[in-house]
Amino acid sequence: MVLQIHPIHKEPTITWEALPADFILPDDPVENIQQPTLAAALTDALGTAGCIQPQMLIGSNFGLVATVNKKIVVKAPDWFYIPQVQPVGADVIRRSYTPNLEGAPVTVVMEFLSDIEGGELSVRSTPPYGKLYFYEKILQVPTYVTYDPYEPSLEVRCLQNGLYTLQPADANGRFWIPELELFLGIWQGERLCQTMNWLRWWDREGNLLLWSSEQAEQERQRAEKLAAKLRELGVDPDAIA
């Protein structure tokens, strides 16, 4: 008879402690060359639509901190959203963010897939913790988005009873992100001379949230049409103060 001994899984002890001033944050290179442009485009559209408020914290490749079993753990997602954080002084640079200590928990994180072993979908529960495990079990982020721009493939996981569950897309292939009250989906096109598969936002009515460059182009076209109409009426638009 063989005695089988099953390992006892011990839940980690998680605390929220201030990051020491001399703590050296990881400075890893970006693993996906499209990561900076994808993240910037997401934030740009939110800003253009007036969805960003002063109390929010939205960032990219920025350290989120937790203390697990008395050891500091830092992960830097490709994009994240926090609805409300405590303000810092005008002369203070925010180096990182510790949920619950510095403000609200992180509510949305995104990772743009790379080919690194044990990366965005890793459930490794021992140091170095896998990203999925860290967001699910330690930070307990309600919505976790993973995106492969090369496939392209978009997956959205929502926290239900302590576990991430894949969410179905709607008829348009988009996913409802409740924390932002917006849909997220894939859009192919050009931005800043780059043609690729972008992540973009849509509102409840299905209207695409424009980038600042698109908004500026719309305003330019509107001004040209108005000027043309004035000329038809015999009015010089350049003479109007």
# chains A, B, ... in the order shown; residues from 1 in each chain; ligands from 1
call {"tool": "select_by_dssp", "arguments": {"residues": "segment 116-232 of chain A", "states": "strand (DSSP E)", "output": "PyMOL selection string"}}
result
chain A and resi 143-148+153-160+163-166+175-177+182-191+194-202
call {"tool": "write_last_selection", "arguments": {"atoms": "N, CA and C atoms", "output": "compact mmCIF listing (two decimals), in the first residue's frame"}}
result
# COMPACT_ATOMS: atom_id res chain seq x y z
N THR A 143 -11.47 42.91 -13.12
CA THR A 143 -11.44 42.63 -14.56
C THR A 143 -10.00 42.55 -15.05
N TYR A 144 -9.69 41.41 -15.67
CA TYR A 144 -8.34 41.18 -16.21
C TYR A 144 -8.46 40.93 -17.70
N VAL A 145 -7.80 41.78 -18.49
CA VAL A 145 -7.86 41.70 -19.96
C VAL A 145 -6.52 41.24 -20.49
N THR A 146 -6.53 40.26 -21.38
CA THR A 146 -5.31 39.87 -22.09
C THR A 146 -5.57 40.01 -23.58
N TYR A 147 -4.56 40.53 -24.29
CA TYR A 147 -4.74 40.83 -25.70
C TYR A 147 -3.48 40.46 -26.47
N ASP A 148 -3.68 39.71 -27.54
CA ASP A 148 -2.60 39.38 -28.47
C ASP A 148 -2.86 40.14 -29.76
N SER A 153 -6.32 38.45 -30.76
CA SER A 153 -7.18 37.70 -29.85
C SER A 153 -7.34 38.48 -28.56
N LEU A 154 -8.58 38.68 -28.14
CA LEU A 154 -8.90 39.44 -26.94
C LEU A 154 -9.69 38.56 -25.98
N GLU A 155 -9.23 38.49 -24.73
CA GLU A 155 -9.94 37.73 -23.69
C GLU A 155 -10.15 38.63 -22.47
N VAL A 156 -11.34 38.53 -21.90
CA VAL A 156 -11.68 39.30 -20.71
C VAL A 156 -12.12 38.34 -19.62
N ARG A 157 -11.46 38.44 -18.47
CA ARG A 157 -11.79 37.60 -17.32
C ARG A 157 -12.32 38.48 -16.20
N CYS A 158 -13.43 38.05 -15.60
CA CYS A 158 -14.01 38.77 -14.47
C CYS A 158 -13.96 37.90 -13.23
N LEU A 159 -13.72 38.53 -12.10
CA LEU A 159 -13.59 37.81 -10.84
C LEU A 159 -14.97 37.43 -10.32
N GLN A 160 -15.19 36.13 -10.18
CA GLN A 160 -16.46 35.61 -9.67
C GLN A 160 -16.16 34.54 -8.63
N LEU A 163 -12.50 33.59 -8.36
CA LEU A 163 -11.82 32.98 -9.51
C LEU A 163 -12.14 33.76 -10.78
N TYR A 164 -11.17 33.82 -11.69
CA TYR A 164 -11.42 34.48 -12.97
C TYR A 164 -12.24 33.57 -13.87
N THR A 165 -13.24 34.17 -14.50
CA THR A 165 -14.11 33.47 -15.44
C THR A 165 -14.09 34.22 -16.77
N LEU A 166 -13.82 33.49 -17.85
CA LEU A 166 -13.82 34.12 -19.18
C LEU A 166 -15.22 34.63 -19.52
N PHE A 175 -16.51 43.44 -25.53
CA PHE A 175 -16.72 43.02 -24.14
C PHE A 175 -17.09 44.22 -23.29
N TRP A 176 -18.10 44.04 -22.44
CA TRP A 176 -18.52 45.10 -21.54
C TRP A 176 -17.56 45.14 -20.35
N ILE A 177 -16.99 46.33 -20.09
CA ILE A 177 -16.09 46.53 -18.96
C ILE A 177 -16.87 47.36 -17.93
N LEU A 182 -17.98 50.92 -20.36
CA LEU A 182 -17.66 51.00 -21.78
C LEU A 182 -17.44 49.61 -22.34
N PHE A 183 -17.61 49.48 -23.66
CA PHE A 183 -17.26 48.25 -24.35
C PHE A 183 -15.82 48.34 -24.83
N LEU A 184 -15.15 47.20 -24.86
CA LEU A 184 -13.78 47.11 -25.35
C LEU A 184 -13.74 46.10 -26.50
N GLY A 185 -13.07 46.47 -27.58
CA GLY A 185 -13.00 45.56 -28.71
C GLY A 185 -11.80 45.85 -29.59
N ILE A 186 -11.68 45.07 -30.65
CA ILE A 186 -10.56 45.20 -31.58
C ILE A 186 -11.00 46.01 -32.80
N TRP A 187 -10.13 46.90 -33.22
CA TRP A 187 -10.40 47.78 -34.38
C TRP A 187 -9.12 47.86 -35.20
N GLN A 188 -9.25 47.58 -36.49
CA GLN A 188 -8.08 47.63 -37.36
C GLN A 188 -8.06 48.95 -38.12
N GLY A 189 -6.93 49.62 -38.07
CA GLY A 189 -6.82 50.89 -38.77
C GLY A 189 -5.51 51.57 -38.45
N GLU A 190 -5.47 52.88 -38.73
CA GLU A 190 -4.21 53.63 -38.61
C GLU A 190 -4.30 54.69 -37.53
N ARG A 191 -3.23 54.80 -36.78
CA ARG A 191 -3.05 55.88 -35.81
C ARG A 191 -1.58 56.24 -35.79
N GLN A 194 0.71 54.26 -37.94
CA GLN A 194 0.84 52.83 -37.66
C GLN A 194 -0.49 52.14 -37.94
N THR A 195 -0.48 51.20 -38.87
CA THR A 195 -1.67 50.42 -39.18
C THR A 195 -1.55 49.08 -38.47
N MET A 196 -2.50 48.79 -37.56
CA MET A 196 -2.43 47.57 -36.77
C MET A 196 -3.79 47.29 -36.15
N ASN A 197 -3.85 46.26 -35.35
CA ASN A 197 -5.07 45.90 -34.63
C ASN A 197 -5.04 46.58 -33.26
N TRP A 198 -5.88 47.59 -33.10
CA TRP A 198 -5.92 48.38 -31.88
C TRP A 198 -7.00 47.88 -30.93
N LEU A 199 -6.83 48.16 -29.66
CA LEU A 199 -7.93 48.03 -28.70
C LEU A 199 -8.62 49.38 -28.61
N ARG A 200 -9.96 49.36 -28.70
CA ARG A 200 -10.69 50.63 -28.66
C ARG A 200 -11.92 50.50 -27.79
N TRP A 201 -12.43 51.68 -27.37
CA TRP A 201 -13.61 51.78 -26.52
C TRP A 201 -14.84 52.17 -27.33
N TRP A 202 -16.00 51.63 -26.93
CA TRP A 202 -17.30 52.05 -27.44
C TRP A 202 -18.22 52.32 -26.26
call {"tool": "closest_residue", "arguments": {"among": "A:Ala90, A:Ala21, A:Gly206, A:Asn100", "to": "Arg174 of chain A", "atoms": "only C-alpha atoms"}}
result
A:Gly206
call {"tool": "atom_distance", "arguments": {"atom1": "atom CA of Lys70 of chain A", "atom2": "atom CA of Ile14 of chain A"}}
result
7.9 Å
call {"tool": "closest_residue", "arguments": {"among": "A:Leu101, A:Pro237, A:Ala216, A:Leu226", "to": "Thr48 of chain A", "atoms": "only C-alpha atoms"}}
result
A:Ala216
call {"tool": "residues_around", "arguments": {"residues": "Val109 of chain A", "least_positions_apart": "5", "cutoff": "10 Å", "atoms": "only C-alpha atoms", "output": "MDAnalysis selection string"}}
result
chainID A and resid 58:60 76:82 135 141:146
call {"tool": "closest_residue", "arguments": {"among": "A:Glu181, A:Glu224, A:Asp44, A:Asp91", "to": "Asp203 of chain A", "atoms": "only C-alpha atoms"}}
result
A:Glu181
call {"tool": "select_by_dssp", "arguments": {"residues": "segment 27-232 of chain A", "states": "helix (DSSP H, G or I)", "output": "MDAnalysis selection string"}}
result
chainID A and resid 35:48 131:138 212:232
call {"tool": "closest_residue", "arguments": {"among": "A:Lys75, A:Glu214, A:Glu205, A:Met56", "to": "Ala104 of chain A", "atoms": "only C-alpha atoms"}}
result
A:Met56
call {"tool": "decode", "arguments": {"residues": "segment 71-101 of chain A", "atoms": "N, CA and C atoms", "output": "PDB file, in the first residue's frame"}}
result
ATOM      1  N   LYS A  71       7.068  39.835   2.131  1.00  0.00           N
ATOM      2  CA  LYS A  71       8.001  40.179   1.066  1.00  0.00           C
ATOM      3  C   LYS A  71       7.291  41.057   0.033  1.00  0.00           C
ATOM      4  N   ILE A  72       7.964  42.106  -0.390  1.00  0.00           N
ATOM      5  CA  ILE A  72       7.375  43.032  -1.352  1.00  0.00           C
ATOM      6  C   ILE A  72       7.327  42.390  -2.737  1.00  0.00           C
ATOM      7  N   VAL A  73       6.151  42.486  -3.379  1.00  0.00           N
ATOM      8  CA  VAL A  73       5.970  41.975  -4.731  1.00  0.00           C
ATOM      9  C   VAL A  73       5.465  43.115  -5.602  1.00  0.00           C
ATOM     10  N   VAL A  74       6.075  43.275  -6.759  1.00  0.00           N
ATOM     11  CA  VAL A  74       5.686  44.348  -7.683  1.00  0.00           C
ATOM     12  C   VAL A  74       5.417  43.765  -9.064  1.00  0.00           C
ATOM     13  N   LYS A  75       4.279  44.104  -9.634  1.00  0.00           N
ATOM     14  CA  LYS A  75       3.970  43.775 -11.024  1.00  0.00           C
ATOM     15  C   LYS A  75       3.605  45.067 -11.747  1.00  0.00           C
ATOM     16  N   ALA A  76       4.027  45.176 -12.998  1.00  0.00           N
ATOM     17  CA  ALA A  76       3.764  46.387 -13.777  1.00  0.00           C
ATOM     18  C   ALA A  76       2.943  46.028 -15.014  1.00  0.00           C
ATOM     19  N   PRO A  77       1.619  46.092 -14.928  1.00  0.00           N
ATOM     20  CA  PRO A  77       0.781  45.724 -16.080  1.00  0.00           C
ATOM     21  C   PRO A  77       0.949  46.686 -17.236  1.00  0.00           C
ATOM     22  N   ASP A  78       0.564  46.230 -18.413  1.00  0.00           N
ATOM     23  CA  ASP A  78       0.678  47.061 -19.613  1.00  0.00           C
ATOM     24  C   ASP A  78      -0.292  48.243 -19.582  1.00  0.00           C
ATOM     25  N   TRP A  79      -1.420  48.081 -18.858  1.00  0.00           N
ATOM     26  CA  TRP A  79      -2.380  49.170 -18.695  1.00  0.00           C
ATOM     27  C   TRP A  79      -3.233  48.858 -17.472  1.00  0.00           C
ATOM     28  N   PHE A  80      -3.598  49.887 -16.711  1.00  0.00           N
ATOM     29  CA  PHE A  80      -4.451  49.642 -15.541  1.00  0.00           C
ATOM     30  C   PHE A  80      -5.307  50.872 -15.261  1.00  0.00           C
ATOM     31  N   TYR A  81      -6.367  50.633 -14.486  1.00  0.00           N
ATOM     32  CA  TYR A  81      -7.300  51.697 -14.112  1.00  0.00           C
ATOM     33  C   TYR A  81      -7.658  51.564 -12.637  1.00  0.00           C
ATOM     34  N   ILE A  82      -7.557  52.687 -11.925  1.00  0.00           N
ATOM     35  CA  ILE A  82      -7.943  52.765 -10.525  1.00  0.00           C
ATOM     36  C   ILE A  82      -8.892  53.950 -10.392  1.00  0.00           C
ATOM     37  N   PRO A  83     -10.096  53.764  -9.859  1.00  0.00           N
ATOM     38  CA  PRO A  83     -11.098  54.832  -9.876  1.00  0.00           C
ATOM     39  C   PRO A  83     -10.798  56.005  -8.954  1.00  0.00           C
ATOM     40  N   GLN A  84     -10.098  55.766  -7.843  1.00  0.00           N
ATOM     41  CA  GLN A  84      -9.861  56.860  -6.910  1.00  0.00           C
ATOM     42  C   GLN A  84      -8.605  56.592  -6.088  1.00  0.00           C
ATOM     43  N   VAL A  85      -7.698  57.555  -6.094  1.00  0.00           N
ATOM     44  CA  VAL A  85      -6.472  57.441  -5.314  1.00  0.00           C
ATOM     45  C   VAL A  85      -6.294  58.707  -4.486  1.00  0.00           C
ATOM     46  N   GLN A  86      -5.509  58.583  -3.443  1.00  0.00           N
ATOM     47  CA  GLN A  86      -5.205  59.750  -2.622  1.00  0.00           C
ATOM     48  C   GLN A  86      -4.234  60.660  -3.375  1.00  0.00           C
ATOM     49  N   PRO A  87      -4.446  61.959  -3.338  1.00  0.00           N
ATOM     50  CA  PRO A  87      -3.542  62.867  -4.049  1.00  0.00           C
ATOM     51  C   PRO A  87      -2.161  62.899  -3.402  1.00  0.00           C
ATOM     52  N   VAL A  88      -1.172  63.206  -4.200  1.00  0.00           N
ATOM     53  CA  VAL A  88       0.178  63.397  -3.687  1.00  0.00           C
ATOM     54  C   VAL A  88       0.548  64.869  -3.855  1.00  0.00           C
ATOM     55  N   GLY A  89       1.546  65.302  -3.132  1.00  0.00           N
ATOM     56  CA  GLY A  89       1.947  66.696  -3.203  1.00  0.00           C
ATOM     57  C   GLY A  89       2.449  67.078  -4.579  1.00  0.00           C
ATOM     58  N   ALA A  90       2.404  68.373  -4.874  1.00  0.00           N
ATOM     59  CA  ALA A  90       2.814  68.859  -6.192  1.00  0.00           C
ATOM     60  C   ALA A  90       4.268  68.558  -6.481  1.00  0.00           C
ATOM     61  N   ASP A  91       5.080  68.449  -5.442  1.00  0.00           N
ATOM     62  CA  ASP A  91       6.502  68.197  -5.635  1.00  0.00           C
ATOM     63  C   ASP A  91       6.878  66.730  -5.448  1.00  0.00           C
ATOM     64  N   VAL A  92       5.848  65.864  -5.392  1.00  0.00           N
ATOM     65  CA  VAL A  92       6.073  64.429  -5.180  1.00  0.00           C
ATOM     66  C   VAL A  92       5.788  63.669  -6.466  1.00  0.00           C
ATOM     67  N   ILE A  93       6.695  62.792  -6.846  1.00  0.00           N
ATOM     68  CA  ILE A  93       6.494  61.941  -8.017  1.00  0.00           C
ATOM     69  C   ILE A  93       6.029  60.576  -7.540  1.00  0.00           C
ATOM     70  N   ARG A  94       4.893  60.134  -8.038  1.00  0.00           N
ATOM     71  CA  ARG A  94       4.372  58.821  -7.645  1.00  0.00           C
ATOM     72  C   ARG A  94       5.204  57.732  -8.324  1.00  0.00           C
ATOM     73  N   ARG A  95       5.931  56.973  -7.545  1.00  0.00           N
ATOM     74  CA  ARG A  95       6.828  55.947  -8.078  1.00  0.00           C
ATOM     75  C   ARG A  95       6.124  54.619  -8.301  1.00  0.00           C
ATOM     76  N   SER A  96       5.057  54.374  -7.530  1.00  0.00           N
ATOM     77  CA  SER A  96       4.355  53.097  -7.571  1.00  0.00           C
ATOM     78  C   SER A  96       3.002  53.298  -6.911  1.00  0.00           C
ATOM     79  N   TYR A  97       2.225  52.227  -6.819  1.00  0.00           N
ATOM     80  CA  TYR A  97       0.917  52.332  -6.175  1.00  0.00           C
ATOM     81  C   TYR A  97       0.645  51.085  -5.344  1.00  0.00           C
ATOM     82  N   THR A  98       0.317  51.320  -4.069  1.00  0.00           N
ATOM     83  CA  THR A  98      -0.061  50.233  -3.166  1.00  0.00           C
ATOM     84  C   THR A  98      -1.556  50.328  -2.904  1.00  0.00           C
ATOM     85  N   PRO A  99      -2.362  49.395  -3.432  1.00  0.00           N
ATOM     86  CA  PRO A  99      -3.808  49.447  -3.215  1.00  0.00           C
ATOM     87  C   PRO A  99      -4.158  49.443  -1.726  1.00  0.00           C
ATOM     88  N   ASN A 100      -5.304  50.042  -1.409  1.00  0.00           N
ATOM     89  CA  ASN A 100      -5.852  50.100  -0.053  1.00  0.00           C
ATOM     90  C   ASN A 100      -5.059  51.033   0.860  1.00  0.00           C
ATOM     91  N   LEU A 101      -3.764  51.145   0.658  1.00  0.00           N
ATOM     92  CA  LEU A 101      -2.957  52.078   1.436  1.00  0.00           C
ATOM     93  C   LEU A 101      -3.005  53.475   0.825  1.00  0.00           C
TER      94      LEU A 101
END
